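This is coords31.cif. It holds mmCIF, C-alpha atoms.
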data_work
#
loop_
_atom_site.label_atom_id
_atom_site.label_comp_id
_atom_site.auth_asym_id
_atom_site.auth_seq_id
_atom_site.Cartn_x
_atom_site.Cartn_y
_atom_site.Cartn_z
CA MET A 1 0.00 0.00 0.00
CA LYS A 2 0.90 3.68 -0.32
CA ILE A 3 0.67 5.14 3.19
CA LEU A 4 0.86 8.78 4.29
CA ILE A 5 1.56 9.54 7.97
CA VAL A 6 1.25 13.13 9.21
CA SER A 7 2.66 13.92 12.65
CA TYR A 8 3.90 16.83 14.75
CA PHE A 9 6.57 14.68 16.43
CA PHE A 10 9.16 12.18 15.20
CA GLU A 11 12.47 10.74 16.28
CA PRO A 12 15.09 11.83 17.29
CA GLU A 13 12.70 13.71 19.59
CA VAL A 14 12.47 11.76 22.86
CA THR A 15 8.76 11.65 23.56
CA PRO A 16 6.07 8.96 23.32
CA ARG A 17 4.41 11.01 20.57
CA ALA A 18 7.58 10.79 18.49
CA PHE A 19 7.86 7.04 19.09
CA ARG A 20 4.21 6.68 18.07
CA ALA A 21 4.86 8.00 14.57
CA SER A 22 8.37 6.71 13.89
CA GLU A 23 7.77 3.13 15.06
CA LEU A 24 4.62 2.89 12.97
CA ALA A 25 6.40 4.21 9.86
CA LYS A 26 9.30 1.77 10.28
CA ALA A 27 6.91 -1.16 10.78
CA PHE A 28 5.06 -0.35 7.56
CA VAL A 29 8.36 -0.20 5.64
CA ARG A 30 9.37 -3.62 7.00
CA ARG A 31 6.07 -4.95 5.67
CA GLY A 32 6.83 -3.72 2.17
CA HIS A 33 4.57 -0.66 2.07
CA GLU A 34 5.50 2.64 0.42
CA VAL A 35 5.60 5.12 3.30
CA THR A 36 5.60 8.93 3.25
CA VAL A 37 5.88 10.91 6.50
CA ALA A 38 4.93 14.61 6.64
CA LEU A 39 6.44 16.64 9.49
CA PRO A 40 6.78 20.29 10.53
CA ASN A 41 9.95 22.21 9.73
CA LYS A 42 11.44 21.70 13.22
CA GLU A 43 14.83 22.48 14.64
CA ALA A 44 14.51 19.19 16.55
CA PHE A 45 14.99 17.21 13.34
CA GLY A 46 18.56 18.48 13.02
CA GLY A 47 18.82 19.70 9.46
CA TYR A 48 16.61 16.95 8.06
CA GLY A 49 19.15 14.15 8.30
CA LEU A 50 16.34 11.68 8.93
CA ALA A 51 16.43 10.18 5.44
CA GLN A 52 20.14 9.43 5.88
CA ARG A 53 19.63 7.54 9.12
CA GLU A 54 19.74 3.79 8.61
CA GLU A 55 16.70 3.05 10.75
CA PHE A 56 14.55 5.29 8.50
CA GLU A 57 15.67 3.78 5.22
CA GLY A 58 12.75 3.47 2.81
CA ILE A 59 10.74 6.37 4.27
CA ARG A 60 10.07 9.45 2.14
CA PHE A 61 9.94 12.64 4.20
CA ILE A 62 8.01 15.84 3.51
CA PHE A 63 8.87 18.84 5.69
CA GLY A 64 6.83 21.95 6.29
CA GLN A 65 7.47 24.90 4.03
CA GLY A 66 8.66 28.06 5.70
CA GLY A 67 10.72 29.02 8.74
CA SER A 68 11.73 26.53 11.38
CA ILE A 69 9.56 26.15 14.47
CA SER A 70 10.76 24.96 17.84
CA GLY A 71 7.83 22.70 18.73
CA ARG A 72 7.15 24.59 21.95
CA PRO A 73 5.57 27.96 22.81
CA PRO A 74 7.82 31.03 22.61
CA LYS A 75 9.61 31.90 25.85
CA THR A 76 8.12 35.38 25.73
CA SER A 77 4.64 33.85 25.76
CA GLY A 78 5.53 31.84 28.86
CA ARG A 79 6.90 34.91 30.65
CA ILE A 80 3.77 36.89 29.85
CA ARG A 81 1.55 34.09 31.19
CA ARG A 82 3.50 33.97 34.45
CA MET A 83 2.93 37.71 34.92
CA MET A 84 -0.85 37.36 34.52
CA PRO A 85 -3.29 36.27 37.24
CA GLY A 86 -4.33 32.64 36.99
CA TRP A 87 -7.98 33.47 36.36
CA MET A 88 -6.99 35.66 33.40
CA VAL A 89 -4.83 32.91 31.85
CA ARG A 90 -7.64 30.38 32.25
CA THR A 91 -10.17 32.76 30.68
CA ILE A 92 -7.95 33.51 27.68
CA LEU A 93 -7.17 29.84 27.07
CA TYR A 94 -10.84 28.94 27.40
CA PHE A 95 -11.62 31.03 24.32
CA TYR A 96 -8.22 30.92 22.59
CA ASN A 97 -7.46 27.21 22.34
CA HIS A 98 -3.67 26.93 22.27
CA GLU A 99 -3.70 23.46 20.74
CA TYR A 100 -5.95 24.51 17.87
CA PHE A 101 -4.31 27.88 17.04
CA ALA A 102 -0.74 28.18 18.36
CA LYS A 103 0.13 24.59 17.45
CA PHE A 104 -1.26 24.93 13.92
CA ASP A 105 1.75 24.76 11.57
CA ARG A 106 1.08 26.68 8.37
CA GLY A 107 4.28 25.31 6.85
CA LEU A 108 3.03 21.74 7.28
CA TYR A 109 -0.28 22.72 5.69
CA ARG A 110 1.49 24.36 2.75
CA ALA A 111 3.72 21.32 2.19
CA LEU A 112 0.71 18.99 2.12
CA ALA A 113 -1.24 21.35 -0.11
CA ALA A 114 1.64 21.21 -2.62
CA THR A 115 1.90 17.40 -2.57
CA GLU A 116 0.40 15.13 -5.19
CA GLY A 117 -0.42 11.52 -4.41
CA ASP A 118 -3.12 8.91 -4.34
CA TYR A 119 -2.69 7.04 -1.05
CA ASP A 120 -4.35 3.88 0.16
CA LEU A 121 -4.15 4.94 3.81
CA LEU A 122 -3.75 8.31 5.55
CA ILE A 123 -2.95 8.36 9.28
CA SER A 124 -3.08 11.80 10.91
CA ILE A 125 -1.57 11.65 14.39
CA SER A 126 -2.40 13.98 17.28
CA TYR A 127 -1.36 15.58 19.71
CA PRO A 128 -1.88 18.34 18.76
CA ALA A 129 -5.28 18.18 17.12
CA ALA A 130 -4.05 21.02 14.90
CA VAL A 131 -2.37 18.29 12.84
CA HIS A 132 -5.85 17.12 11.83
CA ARG A 133 -6.75 20.73 11.05
CA ALA A 134 -3.72 21.03 8.70
CA VAL A 135 -4.62 17.74 6.99
CA MET A 136 -8.26 18.67 6.40
CA LYS A 137 -7.33 22.12 5.12
CA ALA A 138 -4.70 20.69 2.73
CA PHE A 139 -7.02 18.05 1.28
CA ARG A 140 -9.70 20.67 0.65
CA ALA A 141 -7.17 22.95 -1.07
CA ASN A 142 -5.50 20.25 -3.18
CA PRO A 143 -7.71 17.90 -5.23
CA ARG A 144 -4.56 16.05 -6.40
CA LEU A 145 -3.96 14.83 -2.83
CA LYS A 146 -6.17 11.82 -2.23
CA ALA A 147 -6.49 8.95 0.24
CA ARG A 148 -8.82 5.98 -0.02
CA VAL A 149 -9.06 5.58 3.78
CA LYS A 150 -8.43 8.49 6.12
CA VAL A 151 -7.79 7.83 9.83
CA ALA A 152 -7.54 10.45 12.59
CA GLU A 153 -5.53 9.07 15.50
CA PHE A 154 -6.40 10.58 18.91
CA SER A 155 -4.01 9.33 21.58
CA ASP A 156 -4.65 12.43 23.70
CA PRO A 157 -8.01 13.97 24.60
CA PRO A 158 -8.92 16.43 21.80
CA LEU A 159 -8.28 20.12 22.38
CA ARG A 160 -7.30 19.50 25.99
CA GLY A 161 -3.55 19.87 25.71
CA GLU A 162 -1.09 20.80 28.43
CA TYR A 163 -2.25 24.45 28.47
CA ASN A 164 -5.95 24.12 29.25
CA ARG A 165 -8.28 21.48 30.58
CA HIS A 166 -11.47 23.00 29.17
CA TYR A 167 -12.35 24.78 25.97
CA PHE A 168 -15.06 26.92 24.47
CA PRO A 169 -17.83 24.61 23.12
CA ALA A 170 -17.67 26.26 19.68
CA TYR A 171 -14.51 24.22 19.04
CA ASN A 172 -16.73 21.14 18.89
CA LEU A 173 -17.59 22.31 15.38
CA PHE A 174 -13.99 21.46 14.42
CA LEU A 175 -14.38 17.96 15.86
CA LYS A 176 -17.67 17.53 13.99
CA ARG A 177 -15.93 18.49 10.75
CA ALA A 178 -13.19 15.98 11.55
CA GLY A 179 -15.85 13.33 12.07
CA ARG A 180 -17.21 14.01 8.58
CA PHE A 181 -13.81 14.24 6.86
CA PHE A 182 -12.04 11.21 8.34
CA ASP A 183 -13.37 7.74 7.62
CA ARG A 184 -12.21 6.42 10.97
CA PHE A 185 -11.08 7.65 14.36
CA SER A 186 -8.60 5.58 16.36
CA VAL A 187 -8.29 5.90 20.14
CA PRO A 188 -5.93 4.01 22.47
CA VAL A 189 -8.29 2.84 25.23
CA PRO A 190 -12.01 1.94 25.47
CA ASN A 191 -12.50 4.59 28.19
CA ALA A 192 -11.91 7.26 25.55
CA LEU A 193 -14.90 6.26 23.43
CA PRO A 194 -17.48 8.56 25.13
CA VAL A 195 -15.26 11.56 24.35
CA TYR A 196 -15.51 10.89 20.61
CA THR A 197 -18.94 9.36 20.01
CA PRO A 198 -20.58 12.84 19.81
CA PHE A 199 -18.47 13.40 16.69
CA LYS A 200 -18.18 9.91 15.16
CA ARG A 201 -20.33 6.80 15.19
CA ALA A 202 -19.03 4.20 17.64
CA ASP A 203 -18.68 1.59 14.88
CA ARG A 204 -16.33 3.98 13.06
CA ILE A 205 -14.01 4.34 16.06
CA SER A 206 -11.27 1.74 16.44
CA ILE A 207 -9.39 0.91 19.64
CA ILE A 208 -5.73 0.83 18.59
CA PRO A 209 -3.10 1.16 21.33
CA GLN A 210 0.17 2.97 20.86
CA GLY A 211 2.75 0.69 19.26
CA PHE A 212 6.28 0.05 20.53
CA ASP A 213 9.24 -1.87 19.21
CA ASN A 214 9.85 -4.29 22.08
CA SER A 215 12.78 -6.10 20.48
CA GLY A 216 16.44 -5.64 21.37
CA ILE A 217 15.90 -4.39 24.94
CA THR A 218 18.66 -5.29 27.40
CA LEU A 219 17.74 -5.28 31.09
CA ARG A 220 20.26 -4.81 33.86
CA GLU A 221 20.65 -7.34 36.67
CA TYR A 222 18.58 -6.06 39.59
CA ARG A 223 20.15 -5.79 43.03
CA SER A 224 18.40 -4.28 46.04
CA HIS A 225 19.80 -0.90 47.11
CA ALA A 226 20.91 0.08 50.60
CA ARG A 227 18.41 2.95 50.51
CA PRO A 228 15.16 3.03 48.50
CA THR A 229 16.09 3.96 44.94
CA PHE A 230 13.32 4.73 42.50
CA ALA A 231 12.69 6.68 39.29
CA PHE A 232 10.12 8.64 37.31
CA SER A 233 10.25 9.06 33.53
CA GLY A 234 8.23 11.57 31.52
CA ARG A 235 7.01 15.13 31.95
CA PHE A 236 5.00 17.07 34.50
CA TYR A 237 1.85 19.08 33.76
CA ARG A 238 0.18 21.73 35.82
CA ASN A 239 -3.24 20.65 37.13
CA THR A 240 -3.09 17.12 35.71
CA ARG A 241 0.36 15.74 36.63
CA ASP A 242 1.87 17.79 39.45
CA PRO A 243 4.68 16.09 41.45
CA GLU A 244 4.52 18.43 44.45
CA PRO A 245 2.44 16.13 46.75
CA LEU A 246 4.98 13.34 46.25
CA LEU A 247 8.03 15.57 46.72
CA ARG A 248 6.53 17.30 49.75
CA HIS A 249 5.91 14.00 51.51
CA LEU A 250 9.42 12.75 50.75
CA ALA A 251 10.87 15.95 52.25
CA GLU A 252 8.65 15.83 55.33
CA SER A 253 9.20 12.11 55.97
CA GLY A 254 12.85 12.58 56.93
CA ARG A 255 13.73 9.36 55.13
CA ASP A 256 16.87 8.62 53.18
CA PHE A 257 16.19 7.76 49.54
CA GLU A 258 17.33 8.34 45.97
CA LEU A 259 14.83 9.56 43.38
CA VAL A 260 15.93 9.88 39.76
CA LEU A 261 13.79 12.03 37.45
CA PHE A 262 14.21 11.45 33.70
CA LEU A 263 12.39 14.58 32.55
CA ILE A 264 11.21 15.58 29.08
CA ASP A 265 10.69 19.27 28.27
CA ARG A 266 11.94 20.90 31.47
CA ASP A 267 9.65 23.59 32.84
CA PRO A 268 11.12 26.38 35.07
CA TYR A 269 8.01 26.15 37.27
CA PHE A 270 8.62 22.49 38.07
CA ASP A 271 12.39 22.94 38.18
CA SER A 272 11.90 25.35 41.08
CA ILE A 273 9.63 22.88 42.88
CA VAL A 274 12.13 20.05 42.48
CA GLU A 275 15.01 22.25 43.66
CA ARG A 276 13.06 23.41 46.71
CA TYR A 277 12.16 19.93 47.94
CA ALA A 278 15.59 18.52 47.06
CA ALA A 279 17.10 21.10 49.44
CA LEU A 280 14.60 20.18 52.17
CA SER A 281 14.97 16.41 51.84
CA ARG A 282 17.31 14.09 53.63
CA GLY A 283 17.36 11.96 50.51
CA THR A 284 18.71 12.71 47.04
CA ILE A 285 16.65 13.96 44.08
CA THR A 286 18.52 13.88 40.77
CA VAL A 287 17.24 15.26 37.46
CA ARG A 288 18.58 13.59 34.32
CA ASP A 289 18.05 14.31 30.65
CA PRO A 290 15.82 11.89 28.74
CA LEU A 291 17.53 8.84 27.25
CA PRO A 292 16.74 6.89 24.06
CA ARG A 293 13.82 4.63 24.87
CA LYS A 294 15.59 1.26 24.97
CA GLU A 295 18.51 2.66 26.96
CA LEU A 296 16.04 4.21 29.40
CA ILE A 297 14.26 0.90 29.96
CA GLY A 298 17.61 -0.65 30.86
CA GLU A 299 18.21 2.09 33.44
CA LEU A 300 14.72 1.66 34.89
CA SER A 301 15.22 -2.09 35.28
CA ALA A 302 17.91 -1.43 37.94
CA MET A 303 15.57 0.57 40.24
CA ASP A 304 13.86 -0.79 43.34
CA PHE A 305 10.57 0.53 42.02
CA LEU A 306 9.20 3.06 39.52
CA VAL A 307 6.82 5.99 39.92
CA ASN A 308 3.82 6.55 37.67
CA HIS A 309 1.90 9.80 37.90
CA ASN A 310 -1.62 9.05 36.67
CA PHE A 311 -3.66 11.68 34.88
CA THR A 312 -6.55 13.29 36.74
CA TYR A 313 -8.79 12.09 33.88
CA THR A 314 -9.42 8.52 32.72
CA THR A 315 -9.72 8.94 28.95
CA ALA A 316 -6.01 8.23 28.37
CA THR A 317 -3.44 5.85 29.82
CA PRO A 318 0.18 6.91 30.42
CA SER A 319 2.22 5.24 27.68
CA LYS A 320 5.16 4.95 30.06
CA LEU A 321 3.41 1.99 31.70
CA ILE A 322 4.35 -0.19 28.72
CA ASP A 323 8.02 0.70 29.18
CA TYR A 324 7.67 0.20 32.93
CA SER A 325 6.23 -3.24 32.27
CA LEU A 326 9.19 -4.14 30.07
CA ALA A 327 11.59 -2.90 32.78
CA GLY A 328 10.17 -5.51 35.14
CA ARG A 329 10.08 -3.43 38.32
CA PRO A 330 7.07 -2.77 40.58
CA VAL A 331 5.26 0.52 40.01
CA TYR A 332 3.90 2.98 42.56
CA SER A 333 1.06 5.07 41.05
CA PHE A 334 -0.50 8.23 42.43
CA ARG A 335 -2.61 11.19 41.39
CA SER A 336 -2.03 14.80 42.39
CA ASP A 337 -5.57 15.14 43.71
CA ARG A 338 -5.54 11.77 45.52
CA PHE A 339 -2.09 11.39 46.99
CA ASP A 340 -1.85 8.31 49.25
CA ALA A 341 1.09 8.77 51.63
CA PRO A 342 0.75 5.39 53.44
CA SER A 343 0.98 3.57 50.10
CA LEU A 344 4.23 5.38 49.28
CA GLU A 345 5.60 4.54 52.73
CA ARG A 346 4.98 0.84 52.11
CA PHE A 347 6.93 1.05 48.86
CA LEU A 348 9.80 2.79 50.64
CA ASP A 349 9.78 -0.11 53.13
CA GLY A 350 10.04 -2.62 50.29
CA ASP A 351 6.38 -3.75 50.43
CA TYR A 352 5.16 -3.72 46.81
CA GLY A 353 1.82 -5.43 47.39
CA GLY A 354 -0.07 -2.39 46.11
CA ALA A 355 1.86 -2.13 42.86
CA GLU A 356 0.08 -0.93 39.72
CA ARG A 357 -1.22 -3.68 37.46
CA LEU A 358 0.75 -3.26 34.26
CA PRO A 359 -0.42 -3.86 30.69
CA ASP A 360 0.73 -6.83 28.65
CA PRO A 361 3.49 -5.49 26.37
CA ALA A 362 2.45 -7.93 23.62
CA ALA A 363 -0.77 -5.95 23.08
CA TYR A 364 1.34 -2.87 22.33
CA ASP A 365 3.89 -4.53 20.09
CA ILE A 366 4.31 -2.42 16.97
CA GLU A 367 3.76 -5.36 14.63
CA HIS A 368 0.35 -5.99 16.20
CA VAL A 369 -0.54 -2.29 15.99
CA ALA A 370 0.57 -2.06 12.36
CA THR A 371 -1.72 -4.99 11.54
CA LEU A 372 -4.69 -3.18 13.12
CA PHE A 373 -4.08 -0.12 10.91
CA GLU A 374 -3.65 -2.32 7.82
CA GLU A 375 -7.00 -3.91 8.53
CA LEU A 376 -8.66 -0.48 8.51
CA ALA A 377 -7.47 0.00 4.94
CA GLY A 378 -8.07 -3.57 3.80
CA HIS A 379 -11.55 -4.06 5.21
CA TRP A 380 -13.08 -0.66 4.57
CA GLU A 381 -16.52 -0.81 3.01
#

Here is the file; what I need is its structure written in the form of structure tokens.
Amino acid sequence: MKILIVSYFFEPEVTPRAFRASELAKAFVRRGHEVTVALPNKEAFGGYGLAQREEFEGIRFIFGQGGSISGRPPKTSGRIRRMMPGWMVRTILYFYNHEYFAKFDRGLYRALAATEGDYDLLISISYPAAVHRAVMKAFRANPRLKARVKVAEFSDPPLRGEYNRHYFPAYNLFLKRAGRFFDRFSVPVPNALPVYTPFKRADRISIIPQGFDNSGITLREYRSHARPTFAFSGRFYRNTRDPEPLLRHLAESGRDFELVLFLIDRDPYFDSIVERYAALSRGTITVRDPLPRKELIGELSAMDFLVNHNFTYTTATPSKLIDYSLAGRPVYSFRSDRFDAPSLERFLDGDYGGAERLPDPAAYDIEHVATLFEELAGHWE
């Protein structure tokens, strides 16, 4: 088949959203498909050396037309927000949806609008949902760009990105248009279905988990540490994934410990929180840069236990749980709004009876996920 994948993220970016797109593209190439990947013109892609990288051999890349974007909001925007009262920021973001407007890449739209091709399968990957907006706009503008089956992938709740939890209901018109334009929606978990059924019939929504390449992972030999040693991998979000309850308890407990934070997209707000509680704690809190996924799993396998910060909503599942499962260590889970200090204390004492039940990695294997997407194209009526 001829397959077009449109994404905002791709390797070498170290984020589950980048893995989502790149692993799927590589799996399709291994299966003999002709794969094109459309991406923004990002500094993160390092001068567009992707086509020269051996692991991406066989993939045709299209990059956004125009100036390079950084993939994150301008620093000036962040400084202005910090100067404004919280109620004012929330009000502005309620009406001005950051994910829909600020994340819309005109260069990506222009590149797609200038592309000719008759594809068997189109997969438009969010976050952000502005990727779907660019795809719909380009297909309307360019009749020479066609796809027999068009799939909108929603691995994150629509229009509820890291900058706002709620949005002006008028934006539902965009989701309704997406429901008419795309033949299928794909969501990662059954709990997400009620979010999308107002915009797409349930029988046109497929449950397709995020795919991972689980081969070639080397685990380290685990040995118990003299003091509790544990790790968190990922990013923090205000309101939905705030580490302060955990860090505050560790500081107030007076216990000796070692916590390693592998953080993606450092935020000065959370950096200050981590620094404050690190200074107050008897234990050690270390911040490390993100590692390539398979190397990270090896590091996690040497920990006494791992920390998972659940979302405050249930329509998405943290993708890190698949990597945690592969690492083979017990997982302590908590939510910012429901922090359970006694449960953490038991973990620190080496009692892992309340560990998170982890998903079966086989269900998330990229070969299985690629098959599910192939079936959408092969069995469409």

For a quick check of your reading of the model, name the residues lying within 10 Å of the coordinate (-4.2, 0.8, 10.0), counting all atoms listed in the file, and write them as a PDB file with C-alpha atoms, in the frame of the given file.
ATOM      1  CA  ILE A   3       0.670   5.140   3.190  1.00  0.00           C
ATOM      2  CA  LEU A  24       4.620   2.890  12.970  1.00  0.00           C
ATOM      3  CA  PHE A  28       5.060  -0.350   7.560  1.00  0.00           C
ATOM      4  CA  LEU A 121      -4.150   4.940   3.810  1.00  0.00           C
ATOM      5  CA  LEU A 122      -3.750   8.310   5.550  1.00  0.00           C
ATOM      6  CA  ILE A 123      -2.950   8.360   9.280  1.00  0.00           C
ATOM      7  CA  VAL A 149      -9.060   5.580   3.780  1.00  0.00           C
ATOM      8  CA  LYS A 150      -8.430   8.490   6.120  1.00  0.00           C
ATOM      9  CA  VAL A 151      -7.790   7.830   9.830  1.00  0.00           C
ATOM     10  CA  ARG A 184     -12.210   6.420  10.970  1.00  0.00           C
ATOM     11  CA  SER A 186      -8.600   5.580  16.360  1.00  0.00           C
ATOM     12  CA  SER A 206     -11.270   1.740  16.440  1.00  0.00           C
ATOM     13  CA  ILE A 208      -5.730   0.830  18.590  1.00  0.00           C
ATOM     14  CA  VAL A 369      -0.540  -2.290  15.990  1.00  0.00           C
ATOM     15  CA  ALA A 370       0.570  -2.060  12.360  1.00  0.00           C
ATOM     16  CA  THR A 371      -1.720  -4.990  11.540  1.00  0.00           C
ATOM     17  CA  LEU A 372      -4.690  -3.180  13.120  1.00  0.00           C
ATOM     18  CA  PHE A 373      -4.080  -0.120  10.910  1.00  0.00           C
ATOM     19  CA  GLU A 374      -3.650  -2.320   7.820  1.00  0.00           C
ATOM     20  CA  GLU A 375      -7.000  -3.910   8.530  1.00  0.00           C
ATOM     21  CA  LEU A 376      -8.660  -0.480   8.510  1.00  0.00           C
ATOM     22  CA  ALA A 377      -7.470   0.000   4.940  1.00  0.00           C
ATOM     23  CA  GLY A 378      -8.070  -3.570   3.800  1.00  0.00           C
TER      24      GLY A 378
END

| remark: What separates CA of Glu252 in chain A and CA of Ser281 in chain A is a distance of 7.2 Å

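Residues matched by the PyMOL selection byres ((chain A and resi 303-306) around 7) in this file: Ser224, Pro228, Thr229, Phe230, Ala231, Phe232, Leu300, Ser301, Ala302, Val307, Asn308, Arg329, Pro330, Val331 and Tyr332 of chain A.
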
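Picked by the PyMOL selection byres ((chain A and resi 155) around 8) from the coordinates shown: A:Ile125, A:Ser126, A:Tyr127, A:Glu153, A:Phe154, A:Asp156, A:Pro157, A:Ser186, A:Val187, A:Pro188, A:Gln210, A:Ala316.
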
| field | Cut-off 7 Å around (6.3, -5.9, 32.5) with all atoms listed in the file: residues as number ranges by chain | value | A: 324-328, 358, 360-361

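Counting only C-alpha atoms and comparing A:Ser272, A:Thr286, A:Ser7, A:Ser233, the residue that lies closest to Thr36 in chain A is A:Ser7.
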
Put a box with edges along x, y and z around all the listed atoms of range 86-96 of chain A, pad it by 3 Å on each side, then give me its centre and sizes in Å, one decimal, as JSON.
{"center_x": -8.0, "center_y": 32.3, "center_z": 29.8, "size_x": 13.3, "size_y": 12.7, "size_z": 20.4}

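Across the model, the gap from CA of Lys294 in chain A to CA of Ile217 in chain A is 5.7 Å.
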
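Atom to atom, CA of Ile92 in chain A and CA of Phe168 in chain A stand 10.2 Å apart.
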
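Closest approach to Arg133 in chain A from the set A:Glu11, A:Asp120, A:Asp349, A:Glu99 is made by A:Glu99, with distances taken over only C-alpha atoms.
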
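For the residues A:Gly179, A:Leu193, A:Ala38, A:Ala102, ranking by smallest atom-to-atom distance to Ala114 in chain A using only C-alpha atoms places A:Ala38 first.
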
| Counting only C-alpha atoms, what is within 12 Å of Glu244 in chain A, bar same-chain residues fewer than 6 positions away, as a list in words? | Phe236, Tyr237, Arg238, Leu250, Ala251, Glu252, Tyr269, Phe270, Asp271, Ser272, Ile273, Val274, Glu275, Arg276, Tyr277, Ala278, His309, Phe334, Arg335, Ser336, Asp337 and Phe339 of chain A

| task | Would you kindly translate the PyMOL selection byres ((chain A and resi 365) around 9) into the concrete residues it picks from this file, as a ChimeraX atom specification? | result | /A:210-214,361-364,366-370

| task | Tell me which protein, DNA and RNA residues are within 6 Å of range 55-64 of chain A, counting all atoms listed in the file, leaving out same-chain ones fewer than 4 positions away, and put them as JSON, numbers by chain. | result | {"A": [35, 36, 37, 38, 39, 40, 41, 107, 108, 111]}

Mind checking which residues fall within 12 Å of Leu291 in chain A, counting only C-alpha atoms, ignoring those fewer than 4 positions away in the same chain, and posting them as a compact mmCIF listing (two decimals) with C-alpha atoms, keeping the file's coordinate frame?
# COMPACT_ATOMS: atom_id res chain seq x y z
CA PRO A 12 15.09 11.83 17.29
CA GLU A 13 12.70 13.71 19.59
CA VAL A 14 12.47 11.76 22.86
CA THR A 15 8.76 11.65 23.56
CA SER A 233 10.25 9.06 33.53
CA GLY A 234 8.23 11.57 31.52
CA LEU A 261 13.79 12.03 37.45
CA PHE A 262 14.21 11.45 33.70
CA LEU A 263 12.39 14.58 32.55
CA ILE A 264 11.21 15.58 29.08
CA GLU A 295 18.51 2.66 26.96
CA LEU A 296 16.04 4.21 29.40
CA ILE A 297 14.26 0.90 29.96
CA GLY A 298 17.61 -0.65 30.86
CA GLU A 299 18.21 2.09 33.44
CA LEU A 300 14.72 1.66 34.89

| task | Excluding Lys137 in chain A and any residue of its chain fewer than 6 positions from it, enumerate the residues within 12 Å of it, using all atoms listed in the file, and give them as number ranges by chain. | result | A: 104-106, 108-114, 130-131, 143, 145, 174, 177-178, 181

| request: Tell me which protein, DNA and RNA residues are within 7 Å of Arg282 in chain A, counting all atoms listed in the file, leaving out same-chain ones fewer than 4 positions away, and put them as a ChimeraX atom specification. | output: /A:251,254-256
